[in-house]
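> Next comes target-v1.txt, compact mmCIF, C-alpha atoms:
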# COMPACT_ATOMS: atom_id res chain seq x y z
CA MET A 164 26.71 -20.31 -7.48
CA THR A 165 29.88 -21.56 -5.73
CA PRO A 166 28.82 -23.64 -2.70
CA GLN A 167 30.25 -22.49 0.62
CA PRO A 168 30.70 -25.43 3.03
CA ASN A 169 29.02 -25.06 6.42
CA PRO A 170 28.79 -28.53 7.98
CA GLN A 171 27.64 -27.20 11.37
CA ALA A 172 24.58 -25.52 9.83
CA GLY A 173 23.89 -28.64 7.80
CA ALA A 174 23.98 -30.80 10.92
CA ALA A 175 21.44 -28.51 12.61
CA VAL A 176 19.12 -28.69 9.59
CA LYS A 177 19.41 -32.47 9.51
CA ALA A 178 18.79 -32.79 13.25
CA ALA A 179 15.61 -30.69 13.12
CA ASP A 180 14.40 -32.64 10.09
CA ARG A 181 14.96 -36.00 11.78
CA ALA A 182 13.27 -34.81 14.96
CA HIS A 183 10.15 -33.27 13.47
CA VAL A 184 9.58 -33.73 9.71
CA PHE A 185 7.40 -36.65 8.60
CA HIS A 186 8.40 -37.49 5.02
CA SER A 187 6.09 -38.79 2.33
CA TRP A 188 6.30 -42.31 0.86
CA SER A 189 8.92 -43.31 3.45
CA ALA A 190 9.63 -45.53 6.44
CA GLN A 191 10.79 -42.69 8.66
CA ASP A 192 13.64 -44.49 10.44
CA LEU A 193 15.11 -45.84 7.21
CA ILE A 194 15.71 -42.59 5.33
CA ASP A 195 18.59 -40.12 5.38
CA PRO A 196 17.48 -36.90 3.63
CA LEU A 197 20.19 -34.73 2.13
CA ALA A 198 20.32 -31.29 3.75
CA VAL A 199 20.17 -28.77 0.90
CA ALA A 200 21.92 -25.42 1.32
CA GLY A 201 20.92 -23.76 -1.93
CA ALA A 202 20.02 -24.07 -5.60
CA GLU A 203 20.30 -22.09 -8.81
CA GLY A 204 19.45 -22.96 -12.38
CA ALA A 205 19.96 -26.67 -12.97
CA TYR A 206 22.08 -27.23 -9.84
CA PHE A 207 21.70 -27.56 -6.09
CA TRP A 208 24.27 -28.08 -3.34
CA ASP A 209 24.58 -29.37 0.21
CA TYR A 210 26.23 -27.99 3.33
CA GLU A 211 29.38 -29.99 2.68
CA GLY A 212 29.98 -28.04 -0.52
CA ASN A 213 28.95 -30.82 -2.89
CA ARG A 214 27.15 -29.57 -6.01
CA TYR A 215 24.72 -31.71 -8.02
CA LEU A 216 23.33 -31.35 -11.52
CA ASP A 217 19.63 -31.98 -10.98
CA PHE A 218 18.32 -34.46 -13.54
CA THR A 219 15.04 -34.68 -11.57
CA SER A 220 13.89 -31.04 -11.73
CA GLY A 221 12.82 -31.45 -8.10
CA LEU A 222 9.91 -33.81 -8.71
CA VAL A 223 9.81 -32.86 -12.39
CA PHE A 224 8.54 -29.36 -11.69
CA THR A 225 11.41 -26.83 -11.87
CA ASN A 226 10.91 -26.37 -15.61
CA ILE A 227 12.70 -23.01 -15.61
CA GLY A 228 15.28 -24.12 -13.04
CA TYR A 229 15.80 -22.91 -9.49
CA GLN A 230 15.69 -19.27 -8.39
CA HIS A 231 14.92 -17.60 -11.71
CA PRO A 232 15.34 -13.90 -10.81
CA LYS A 233 12.30 -12.70 -12.76
CA VAL A 234 9.96 -15.11 -11.01
CA VAL A 235 11.49 -14.44 -7.60
CA ALA A 236 10.99 -10.71 -8.22
CA ALA A 237 7.37 -11.25 -9.31
CA ILE A 238 6.61 -13.13 -6.08
CA GLN A 239 8.22 -10.36 -4.04
CA GLU A 240 6.28 -7.67 -5.89
CA GLN A 241 3.00 -9.52 -5.48
CA ALA A 242 3.67 -10.02 -1.75
CA ALA A 243 4.15 -6.28 -1.36
CA LYS A 244 0.98 -5.53 -3.34
CA LEU A 245 -1.51 -8.17 -2.18
CA THR A 246 -0.17 -11.23 -0.41
CA THR A 247 -3.40 -13.22 -0.33
CA PHE A 248 -7.12 -12.91 -0.98
CA ALA A 249 -10.14 -15.21 -0.92
CA PRO A 250 -10.93 -17.11 -4.14
CA ALA A 251 -14.45 -15.65 -4.59
CA PHE A 252 -13.02 -12.30 -5.71
CA ALA A 253 -11.52 -11.15 -8.99
CA VAL A 254 -7.82 -10.53 -8.43
CA GLU A 255 -5.42 -9.27 -11.11
CA ALA A 256 -2.78 -11.99 -10.73
CA ARG A 257 -5.44 -14.72 -10.73
CA SER A 258 -7.25 -13.35 -13.77
CA GLU A 259 -4.04 -12.87 -15.73
CA ALA A 260 -2.73 -16.33 -14.90
CA ALA A 261 -6.02 -17.88 -16.05
CA ARG A 262 -5.93 -15.88 -19.28
CA LEU A 263 -2.35 -16.87 -20.10
CA ILE A 264 -2.99 -20.55 -19.37
CA ALA A 265 -6.22 -20.60 -21.40
CA GLU A 266 -4.40 -19.03 -24.36
CA ARG A 267 -2.01 -22.00 -24.42
CA THR A 268 -4.30 -24.94 -23.75
CA PRO A 269 -5.62 -26.80 -26.80
CA GLY A 270 -9.09 -26.32 -28.24
CA ASP A 271 -11.78 -24.58 -26.20
CA LEU A 272 -10.33 -25.28 -22.75
CA ASP A 273 -10.86 -21.65 -21.81
CA LYS A 274 -12.08 -21.82 -18.21
CA ILE A 275 -9.52 -22.44 -15.46
CA PHE A 276 -10.30 -23.85 -12.01
CA PHE A 277 -7.29 -23.35 -9.76
CA THR A 278 -6.06 -25.84 -7.18
CA ASN A 279 -2.97 -26.10 -5.02
CA GLY A 280 -1.45 -29.00 -6.94
CA GLY A 281 -1.93 -31.88 -9.34
CA ALA A 282 -3.76 -34.34 -7.09
CA GLU A 283 -6.42 -31.74 -6.27
CA ALA A 284 -6.74 -31.02 -9.98
CA ILE A 285 -7.46 -34.72 -10.62
CA GLU A 286 -9.96 -34.81 -7.74
CA ASN A 287 -11.89 -31.87 -9.17
CA ALA A 288 -11.69 -33.03 -12.79
CA THR A 289 -13.20 -36.35 -11.71
CA ARG A 290 -15.96 -34.59 -9.77
CA MET A 291 -16.75 -32.35 -12.74
CA ALA A 292 -16.97 -35.33 -15.07
CA ARG A 293 -19.26 -37.26 -12.73
CA LEU A 294 -21.58 -34.31 -12.27
CA HIS A 295 -21.57 -33.47 -15.97
CA THR A 296 -22.48 -37.01 -17.04
CA GLY A 297 -24.49 -38.21 -14.04
CA ARG A 298 -22.33 -41.37 -14.08
CA HIS A 299 -19.86 -42.70 -11.52
CA LYS A 300 -17.17 -45.01 -12.93
CA VAL A 301 -13.82 -43.66 -14.08
CA LEU A 302 -11.27 -45.54 -16.22
CA SER A 303 -7.52 -45.13 -15.85
CA ALA A 304 -4.40 -47.01 -16.92
CA TYR A 305 -2.40 -49.43 -14.80
CA ARG A 306 0.90 -47.75 -15.65
CA SER A 307 0.03 -44.33 -14.27
CA TYR A 308 0.37 -41.92 -11.39
CA HIS A 309 -2.28 -39.29 -10.69
CA GLY A 310 -1.64 -38.15 -7.12
CA ALA A 311 -1.99 -39.18 -3.48
CA THR A 312 -5.39 -37.79 -2.44
CA SER A 313 -8.35 -40.16 -2.11
CA THR A 314 -9.66 -40.34 -5.69
CA ALA A 315 -6.28 -39.61 -7.30
CA ILE A 316 -4.52 -42.48 -5.54
CA ASN A 317 -7.28 -44.89 -6.57
CA LEU A 318 -6.91 -43.73 -10.17
CA THR A 319 -3.15 -44.30 -9.91
CA GLY A 320 -1.95 -47.61 -11.29
CA ASP A 321 1.42 -48.05 -9.60
CA PRO A 322 1.97 -49.86 -6.27
CA ARG A 323 1.57 -46.72 -4.18
CA ARG A 324 -2.16 -47.26 -4.71
CA TRP A 325 -2.26 -50.64 -2.98
CA PRO A 326 -2.39 -49.63 0.72
CA SER A 327 -5.21 -47.12 0.07
CA ASP A 328 -7.32 -48.99 -2.51
CA ASN A 329 -10.39 -50.64 -1.01
CA GLY A 330 -12.04 -51.18 -4.37
CA SER A 331 -14.92 -48.80 -3.70
CA ALA A 332 -13.89 -45.63 -5.56
CA GLY A 333 -15.59 -46.49 -8.85
CA VAL A 334 -12.24 -46.83 -10.63
CA VAL A 335 -11.61 -49.40 -13.37
CA HIS A 336 -8.05 -49.91 -14.62
CA PHE A 337 -7.08 -50.97 -18.13
CA TRP A 338 -3.87 -51.54 -20.09
CA ALA A 339 -2.59 -48.61 -22.12
CA PRO A 340 -0.09 -49.24 -24.96
CA PHE A 341 3.58 -49.91 -24.17
CA LEU A 342 5.26 -51.81 -26.99
CA TYR A 343 8.50 -52.59 -25.10
CA ARG A 344 6.48 -54.61 -22.56
CA SER A 345 3.36 -55.15 -24.62
CA PRO A 346 0.44 -56.81 -22.81
CA PHE A 347 -1.04 -57.48 -26.26
CA TYR A 348 1.84 -59.53 -27.78
CA ALA A 349 2.25 -56.81 -30.40
CA GLU A 350 5.33 -56.62 -32.60
CA THR A 351 4.80 -53.16 -34.13
CA GLU A 352 3.50 -49.80 -32.97
CA GLU A 353 0.55 -50.22 -35.33
CA GLN A 354 -0.39 -53.55 -33.75
CA GLU A 355 0.06 -52.17 -30.25
CA CYS A 356 -2.18 -49.19 -31.01
CA ALA A 357 -4.94 -51.26 -32.61
CA ARG A 358 -4.93 -53.92 -29.89
CA ALA A 359 -4.82 -51.38 -27.06
CA LEU A 360 -7.82 -49.56 -28.52
CA GLN A 361 -9.72 -52.83 -28.92
CA HIS A 362 -8.90 -53.76 -25.33
CA LEU A 363 -10.21 -50.39 -24.17
CA GLU A 364 -13.38 -50.75 -26.22
CA ASP A 365 -13.92 -54.24 -24.77
CA THR A 366 -13.39 -52.95 -21.24
CA ILE A 367 -15.98 -50.25 -21.77
CA ALA A 368 -18.44 -52.73 -23.25
CA PHE A 369 -18.16 -55.09 -20.29
CA GLU A 370 -18.26 -52.30 -17.70
CA GLY A 371 -21.30 -50.72 -19.35
CA PRO A 372 -20.76 -47.50 -21.32
CA ALA A 373 -23.67 -45.78 -19.61
CA THR A 374 -21.97 -46.21 -16.22
CA ILE A 375 -18.67 -44.55 -17.16
CA ALA A 376 -18.21 -40.84 -16.45
CA ALA A 377 -14.63 -40.31 -17.50
CA LEU A 378 -11.44 -41.80 -18.87
CA ILE A 379 -8.24 -40.32 -17.46
CA LEU A 380 -4.83 -40.69 -19.12
CA GLU A 381 -1.48 -39.02 -18.67
CA THR A 382 -0.82 -37.74 -22.19
CA ILE A 383 2.68 -39.17 -21.81
CA PRO A 384 2.90 -41.17 -18.57
CA GLY A 385 5.57 -39.70 -16.32
CA THR A 386 6.54 -41.53 -13.14
CA ALA A 387 5.29 -44.82 -14.60
CA GLY A 388 7.94 -44.77 -17.32
CA ILE A 389 7.59 -42.04 -19.98
CA MET A 390 5.92 -44.37 -22.48
CA MET A 391 5.23 -42.47 -25.71
CA PRO A 392 1.75 -43.32 -27.01
CA PRO A 393 1.86 -44.85 -30.50
CA PRO A 394 0.58 -42.75 -33.41
CA GLY A 395 -3.20 -42.73 -33.50
CA TYR A 396 -3.78 -44.01 -29.97
CA LEU A 397 -4.90 -40.78 -28.28
CA ALA A 398 -7.04 -39.86 -31.29
CA GLY A 399 -8.59 -43.32 -31.05
CA VAL A 400 -9.33 -42.83 -27.35
CA ARG A 401 -10.89 -39.47 -28.16
CA ALA A 402 -13.18 -41.15 -30.73
CA ILE A 403 -14.19 -43.90 -28.29
CA CYS A 404 -15.04 -41.34 -25.60
CA ASP A 405 -17.13 -39.37 -28.08
CA ARG A 406 -18.96 -42.51 -29.14
CA TYR A 407 -20.08 -43.31 -25.59
CA GLY A 408 -20.43 -39.82 -24.10
CA ILE A 409 -17.43 -40.34 -21.80
CA VAL A 410 -15.49 -37.30 -20.59
CA PHE A 411 -11.87 -37.50 -21.80
CA VAL A 412 -9.40 -36.14 -19.23
CA LEU A 413 -5.72 -35.64 -20.00
CA ASP A 414 -3.38 -35.38 -17.04
CA GLU A 415 -0.60 -32.96 -18.02
CA VAL A 416 0.62 -32.31 -14.48
CA MET A 417 4.09 -33.60 -15.36
CA ALA A 418 4.13 -33.38 -19.17
CA GLY A 419 2.76 -29.83 -19.46
CA PHE A 420 4.34 -26.40 -19.75
CA GLY A 421 7.23 -27.11 -22.06
CA ARG A 422 8.62 -30.38 -20.75
CA THR A 423 7.88 -32.33 -23.94
CA GLY A 424 9.06 -29.53 -26.23
CA SER A 425 5.56 -28.09 -26.67
CA TRP A 426 3.34 -26.15 -24.29
CA PHE A 427 1.30 -29.29 -23.70
CA ALA A 428 2.03 -32.85 -24.80
CA ALA A 429 -1.48 -32.98 -26.31
CA ASP A 430 -0.25 -30.54 -28.95
CA GLN A 431 2.06 -33.24 -30.32
CA PHE A 432 -0.81 -35.67 -30.87
CA ASP A 433 -3.39 -33.22 -32.24
CA VAL A 434 -5.96 -34.18 -29.62
CA VAL A 435 -8.20 -32.01 -27.46
CA PRO A 436 -9.56 -33.43 -24.18
CA ASP A 437 -12.68 -32.28 -22.36
CA LEU A 438 -10.67 -31.54 -19.23
CA LEU A 439 -6.92 -31.02 -18.82
CA THR A 440 -5.17 -31.06 -15.45
CA PHE A 441 -1.94 -29.16 -14.81
CA ALA A 442 0.43 -28.15 -11.98
CA LYS A 443 4.23 -28.39 -11.52
CA GLY A 444 5.66 -26.50 -14.52
CA VAL A 445 2.90 -23.86 -14.57
CA ASN A 446 5.10 -21.81 -12.22
CA SER A 447 8.10 -24.13 -11.87
CA GLY A 448 6.87 -25.14 -8.43
CA TYR A 449 7.93 -21.83 -6.86
CA VAL A 450 4.57 -21.54 -5.05
CA PRO A 451 2.09 -24.47 -5.04
CA LEU A 452 -0.39 -24.19 -7.93
CA GLY A 453 -2.40 -26.55 -10.10
CA GLY A 454 -5.68 -26.51 -11.95
CA VAL A 455 -8.19 -27.86 -14.39
CA ALA A 456 -8.69 -26.38 -17.85
CA ILE A 457 -12.36 -26.88 -18.73
CA SER A 458 -14.10 -27.21 -22.11
CA GLY A 459 -17.07 -25.07 -23.05
CA ALA A 460 -19.54 -27.95 -22.79
CA ILE A 461 -18.55 -28.85 -19.24
CA ALA A 462 -18.31 -25.22 -18.17
CA GLU A 463 -21.88 -24.77 -19.43
CA THR A 464 -23.06 -27.50 -17.05
CA PHE A 465 -22.19 -25.20 -14.19
CA ALA A 466 -23.36 -21.93 -15.74
CA ARG A 467 -26.64 -21.98 -13.76
CA ARG A 468 -25.84 -24.84 -11.42
CA PRO A 469 -23.31 -24.30 -8.63
CA TYR A 470 -20.15 -26.33 -8.84
CA PRO A 471 -19.90 -28.10 -5.46
CA GLY A 472 -16.18 -27.79 -4.92
CA GLY A 473 -13.52 -25.30 -3.92
CA LEU A 474 -10.35 -24.63 -1.97
CA THR A 475 -9.42 -21.90 0.47
CA TYR A 476 -6.29 -21.05 -1.51
CA SER A 477 -7.67 -21.56 -5.03
CA GLY A 478 -5.81 -19.16 -7.30
CA HIS A 479 -3.58 -17.85 -4.53
CA PRO A 480 -2.17 -14.47 -5.63
CA LEU A 481 1.46 -15.38 -4.92
CA ALA A 482 1.16 -18.63 -6.88
CA CYS A 483 -0.64 -16.94 -9.76
CA ALA A 484 1.90 -14.12 -9.91
CA ALA A 485 4.59 -16.77 -10.14
CA ALA A 486 2.67 -18.43 -12.99
CA VAL A 487 2.34 -15.15 -14.89
CA ALA A 488 6.06 -14.51 -14.53
CA THR A 489 6.98 -18.09 -15.43
CA ILE A 490 4.92 -18.07 -18.62
CA GLY A 491 6.51 -14.73 -19.48
CA VAL A 492 9.99 -16.16 -18.95
CA MET A 493 9.15 -19.18 -21.08
CA GLU A 494 7.98 -16.93 -23.91
CA ASP A 495 10.78 -14.36 -23.68
CA GLU A 496 13.60 -16.88 -23.31
CA GLY A 497 12.36 -19.52 -25.74
CA VAL A 498 12.19 -22.16 -23.02
CA VAL A 499 9.74 -24.44 -24.85
CA GLU A 500 11.85 -24.26 -27.99
CA ASN A 501 14.98 -24.98 -25.97
CA ALA A 502 13.41 -28.12 -24.50
CA ALA A 503 12.52 -29.35 -27.99
CA ARG A 504 16.00 -28.59 -29.36
CA ILE A 505 17.91 -30.10 -26.44
CA GLY A 506 15.77 -33.22 -26.72
CA ALA A 507 16.33 -33.63 -30.44
CA ASP A 508 19.95 -32.53 -30.72
CA VAL A 509 21.57 -33.55 -27.43
CA LEU A 510 19.54 -35.94 -25.27
CA ALA A 511 18.11 -38.21 -27.99
CA PRO A 512 21.44 -38.96 -29.70
CA GLY A 513 23.36 -38.91 -26.42
CA LEU A 514 21.07 -41.38 -24.65
CA ARG A 515 20.97 -43.68 -27.66
CA ASP A 516 24.75 -43.61 -27.76
CA LEU A 517 24.78 -44.68 -24.10
CA ALA A 518 22.38 -47.50 -24.94
CA GLY A 519 24.72 -48.70 -27.65
CA ARG A 520 27.63 -48.94 -25.24
CA HIS A 521 25.95 -50.19 -22.05
CA PRO A 522 24.30 -53.63 -22.08
CA SER A 523 22.21 -52.66 -19.03
CA VAL A 524 20.18 -50.22 -21.14
CA GLY A 525 17.26 -52.06 -22.70
CA ASP A 526 15.19 -49.15 -24.02
CA VAL A 527 15.44 -45.40 -24.56
CA ARG A 528 12.27 -43.37 -24.99
CA GLY A 529 11.05 -39.81 -24.65
CA THR A 530 10.86 -36.33 -26.14
CA GLY A 531 11.98 -32.84 -25.17
CA VAL A 532 13.46 -33.02 -21.67
CA PHE A 533 11.28 -36.00 -20.75
CA TRP A 534 13.20 -39.29 -21.17
CA ALA A 535 13.54 -42.71 -19.59
CA LEU A 536 16.22 -45.38 -19.73
CA GLU A 537 14.90 -48.86 -18.97
CA LEU A 538 17.63 -50.90 -17.29
CA VAL A 539 17.64 -54.67 -17.80
CA ARG A 540 19.63 -57.77 -16.92
CA ASP A 541 19.18 -59.24 -20.37
CA ARG A 542 18.33 -57.34 -23.54
CA GLU A 543 16.91 -60.43 -25.24
CA THR A 544 14.51 -61.43 -22.48
CA ARG A 545 14.06 -57.82 -21.30
CA GLU A 546 14.24 -58.97 -17.69
CA PRO A 547 14.28 -55.80 -15.56
CA LEU A 548 17.49 -54.99 -13.70
CA VAL A 549 15.44 -55.22 -10.48
CA PRO A 550 12.02 -56.85 -9.90
CA TYR A 551 8.83 -54.82 -10.03
CA ASN A 552 8.49 -52.66 -6.91
CA ALA A 553 11.76 -54.04 -5.50
CA THR A 554 13.01 -52.96 -2.09
CA GLY A 555 16.02 -53.73 0.09
CA GLU A 556 18.58 -56.16 -1.27
CA ALA A 557 16.44 -56.89 -4.33
CA ASN A 558 16.86 -53.24 -5.33
CA ALA A 559 20.64 -53.22 -4.83
CA PRO A 560 21.55 -52.78 -8.52
CA MET A 561 19.49 -49.58 -8.86
CA ALA A 562 20.80 -48.33 -5.51
CA ALA A 563 24.34 -48.89 -6.73
CA PHE A 564 23.59 -47.05 -9.97
CA GLY A 565 22.10 -44.12 -8.05
CA ALA A 566 25.05 -43.90 -5.67
CA ALA A 567 27.47 -43.92 -8.60
CA ALA A 568 25.60 -41.06 -10.29
CA LYS A 569 25.58 -38.94 -7.12
CA LYS A 570 29.29 -39.59 -6.59
CA ARG A 571 29.84 -38.04 -10.02
CA GLY A 572 27.76 -34.95 -9.21
CA LEU A 573 24.51 -36.03 -10.86
CA TRP A 574 21.24 -36.33 -8.95
CA PRO A 575 19.23 -38.99 -10.81
CA PHE A 576 15.49 -39.69 -10.98
CA ILE A 577 15.12 -43.41 -10.26
CA ASN A 578 11.89 -45.40 -10.27
CA MET A 579 11.94 -49.20 -10.15
CA ASN A 580 14.29 -50.38 -12.96
CA ARG A 581 14.42 -47.02 -14.74
CA THR A 582 16.30 -43.80 -14.56
CA HIS A 583 14.44 -40.81 -15.98
CA VAL A 584 16.26 -37.91 -17.60
CA VAL A 585 14.11 -34.92 -16.71
CA PRO A 586 16.31 -31.83 -16.24
CA PRO A 587 14.94 -28.28 -16.35
CA CYS A 588 13.66 -27.10 -19.73
CA THR A 589 16.27 -24.34 -19.50
CA ILE A 590 19.22 -26.73 -19.41
CA THR A 591 22.11 -25.79 -21.70
CA ASP A 592 23.93 -28.04 -24.14
CA ALA A 593 26.98 -28.06 -21.89
CA GLU A 594 24.95 -29.01 -18.82
CA ALA A 595 23.10 -31.76 -20.69
CA LYS A 596 26.42 -33.19 -21.92
CA GLU A 597 27.81 -33.01 -18.37
CA GLY A 598 24.84 -35.07 -17.21
CA LEU A 599 25.25 -37.59 -20.02
CA ALA A 600 28.92 -38.05 -19.10
CA ALA A 601 27.99 -38.74 -15.49
CA LEU A 602 25.29 -41.18 -16.62
CA ASP A 603 27.87 -42.92 -18.79
CA GLU A 604 30.05 -43.61 -15.76
CA ALA A 605 27.12 -44.58 -13.52
CA LEU A 606 25.78 -47.04 -16.10
CA THR A 607 29.09 -48.88 -15.90
CA GLU A 608 28.03 -49.75 -12.36
CA ALA A 609 24.67 -51.03 -13.61
CA ASP A 610 26.47 -53.14 -16.23
CA ARG A 611 28.11 -55.13 -13.43
CA PHE A 612 24.78 -56.78 -12.69
CA ILE A 613 24.23 -58.10 -16.19
CA ALA A 614 23.72 -61.86 -16.21
Please rewrite the model in this file as structure tokens.

Amino acid sequence: MTPQPNPQAGAAVKAADRAHVFHSWSAQDLIDPLAVAGAEGAYFWDYEGNRYLDFTSGLVFTNIGYQHPKVVAAIQEQAAKLTTFAPAFAVEARSEAARLIAERTPGDLDKIFFTNGGAEAIENATRMARLHTGRHKVLSAYRSYHGATSTAINLTGDPRRWPSDNGSAGVVHFWAPFLYRSPFYAETEEQECARALQHLEDTIAFEGPATIAALILETIPGTAGIMMPPPGYLAGVRAICDRYGIVFVLDEVMAGFGRTGSWFAADQFDVVPDLLTFAKGVNSGYVPLGGVAISGAIAETFARRPYPGGLTYSGHPLACAAAVATIGVMEDEGVVENAARIGADVLAPGLRDLAGRHPSVGDVRGTGVFWALELVRDRETREPLVPYNATGEANAPMAAFGAAAKKRGLWPFINMNRTHVVPPCTITDAEAKEGLAALDEALTEADRFIA
């Protein structure tokens, strides 16, 4: 895992990228992508020989780290056996992946519809809910991210929705609970929960319960800020959905497969949705894979009625073989348990210690290997370190923080005024402490912007 510098090769990679690759979410002339030479475990490195501890897990998907040999071997073996096959057939890797996933999902979510990623999972979950109920509207939270395809981006609450939202997708947004920046003027978790549920009930009443097909929530919102739902909130949403015949969809694309210290975040709140979407950690992103876990009642809707949806690569054998191997690794190596332990014993106390010593840290929240630090200019007023959706000079404090982290060998996950701590679920105590030490130094840079 010792990086071998090769600047000439790196320059060639960078030149080809700049000439031909069109990057997502970016103004193409304003970006400077790092040329990556390799990765292993919790680290990756560039062609200059610089190594980085990855506190982003890619895009929060390398739950078992990079290049796990057992998963690499499983992909190679599957490629030699049956590289690809159409989704209408029964294939061993596909069947086994579906069985293993269904065994771990909560409740009776025993049917698995495979997609190529999380956004497609949301698209199909929404379609299933609309067909199952015969209704059209779908509710989702403002502080959310559900993907970049047509329906998924409309369901998303963050600013990436704005250029693509023409107000015609049947989506209604509402405020989910977030005590640190409460829209309900709550002072306790109990107040926040009760007022958020009342707000949701009011929204449904004014939209017309009989028009609403589904309500979609990230069990624990990821990109939007890792806001832990207060006790009782998800159970309350479940009860409201039952009362009005609304399909309850939990988006576990980011929170699932061990990241929160349990197989699914829903397990921590004792709630069972009607549909559950997944991707990312299901096979650590080694080959694109996502899906929808479907309840018995919704599966029954399509028992004699064709489901009008599908994908050419649904349940791709290479992706499913990677999922089978990944789940096996997670079981054999205690990966879920490691995520829970690292969160409780290392990250939780370590991040709270950083908050106690750095005035730029306004809030620490999370579980497992799924944490966020909210950076502020003033702890009393809770003014964010940078404005909402800041760019350019307005975002300079977060840019300075990010540069300081990278200089110290840590690749941070930064979104707006937050840095998320989302390393692989396999991270060791020593690696986590290495990352905390780098964060400690980088936060000193953020402290310089305190009013």
> Which value, in Å to one decimal, gives the distance between CA of Asn226 (chain A) and CA of Gly444 (chain A)?
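Here the two named atoms are 5.4 Å from each other.
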> Which residue gives the smallest distance to Ser303 (chain A) among A:Leu363, A:Leu606, A:Leu538, A:Ala429, with all atoms listed in the file counted?
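Of the candidates, the smallest distance to Ser303 (chain A) is held by A:Leu363.
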> For Thr314 (chain A), which residue out of A:Arg290, A:Glu353, A:Thr296, A:Val492 is the nearest one, using only C-alpha atoms?
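Of all the options, A:Arg290 lies closest to Thr314 (chain A).
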> Name the residues, using the chain letters and numbers of the file, that sit within 12 Å of (28.2, -22.8, 9.4) when counting all atoms listed in the file, and give them as JSON, numbers by chain.
{"A": [167, 168, 169, 170, 171, 172, 173, 174, 175, 176, 200, 209, 210, 211, 212]}
> Can you pull out every residue within 9 Å of Ala442 (chain A), counting all atoms listed in the file, but drop anything in the same chain fewer than 6 positions away, and send it as a compact mmCIF listing (two decimals) with C-alpha atoms, keeping the file's coordinate frame?

# COMPACT_ATOMS: atom_id res chain seq x y z
CA PHE A 224 8.54 -29.36 -11.69
CA THR A 278 -6.06 -25.84 -7.18
CA ASN A 279 -2.97 -26.10 -5.02
CA GLY A 280 -1.45 -29.00 -6.94
CA GLY A 281 -1.93 -31.88 -9.34
CA ALA A 282 -3.76 -34.34 -7.09
CA ALA A 284 -6.74 -31.02 -9.98
CA GLU A 415 -0.60 -32.96 -18.02
CA VAL A 416 0.62 -32.31 -14.48
CA MET A 417 4.09 -33.60 -15.36
CA GLY A 419 2.76 -29.83 -19.46
CA PHE A 420 4.34 -26.40 -19.75
CA GLY A 448 6.87 -25.14 -8.43
CA PRO A 451 2.09 -24.47 -5.04
CA LEU A 452 -0.39 -24.19 -7.93
CA GLY A 453 -2.40 -26.55 -10.10
CA GLY A 454 -5.68 -26.51 -11.95
CA VAL A 455 -8.19 -27.86 -14.39
> Excluding region 553-562 of chain A and its own-chain neighbours fewer than 5 positions away, which residues fall within 12 Å of it when counting all atoms listed in the file? Please give them as a ChimeraX atom specification.
/A:189-190,193,322,523,537-540,547-548,567-569,575-582,605-613
> Considering all atoms listed in the file, can you say which of A:Ala418, A:Asp508, A:Thr382, A:Asp437 comes closest to Cys404 (chain A)?
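So, comparing all the options, the nearest one is A:Asp437.
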> What separation in Å, quoted to one decimal, exists between CA of His583 (chain A) and CA of Lys570 (chain A)?
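CA of Lys570 (chain A) lies 17.6 Å from CA of His583 (chain A).
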> Could the centre and edge lengths of an axis-aligned box, enclosing all atoms of region 522-533 of chain A in the file with 8 Å extra on each side, be given in Å to one decimal as JSON?

{"center_x": 17.6, "center_y": -43.2, "center_z": -22.6, "size_x": 29.4, "size_y": 36.8, "size_z": 23.1}
> At what distance in Å, to one decimal, does CA of Glu496 (chain A) lie from CA of Arg515 (chain A)?
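Calculated distance between CA of Arg515 (chain A) and CA of Glu496 (chain A) is 28.1 Å.
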> Using all atoms listed in the file, find the one residue out of A:Pro393, A:Gly421, A:Gly333, A:Gly221 that sits nearest to Ser345 (chain A).
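Nearest to Ser345 (chain A): A:Pro393.
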> With all atoms listed in the file as the basis for distance, which of A:Ala402, A:Ala376, A:Ala179, A:Ala242 is at the shortest distance from Gly297 (chain A)?
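Smallest distance to Gly297 (chain A) is found for A:Ala376.
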> Place a sphere of radius 7 Å on (-11.8, -35.7, -19.7) in the file coordinates and name every protein, DNA or RNA residue with an atom inside or on its surface, counting all atoms listed in the file; give the answer as a PyMOL selection string.
chain A and resi 292+377-379+410-413+436-439
> Compare A:Met390, A:Ala601, A:Ala595, A:Val450 by their minimum atom-to-atom distance to Asp526 (chain A), counting all atoms listed in the file, and give me the closest one.
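Distance minimum relative to Asp526 (chain A) lands on A:Met390.
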> Please identify all polymer residues within 12 Å of Lys244 (chain A), counting all atoms listed in the file, omitting same-chain residues fewer than 4 positions from it, and present them as a list in words.
Ala237, Ile238, Gln239, Glu240, Phe248, Val254, Glu255, Ala256, Pro480, Leu481 and Ala484 of chain A
> Got a sec: who's within 8 Å of region 317-319 of chain A, counting only C-alpha atoms, leaving out chain neighbours fewer than 6 positions off, as number ranges by chain?
A: 301-310, 327-328, 332, 334, 336
> Please identify all polymer residues within 6 Å of Lys274 (chain A), counting all atoms listed in the file, omitting same-chain residues fewer than 2 positions from it, and present them as number ranges by chain.
A: 272, 456-457
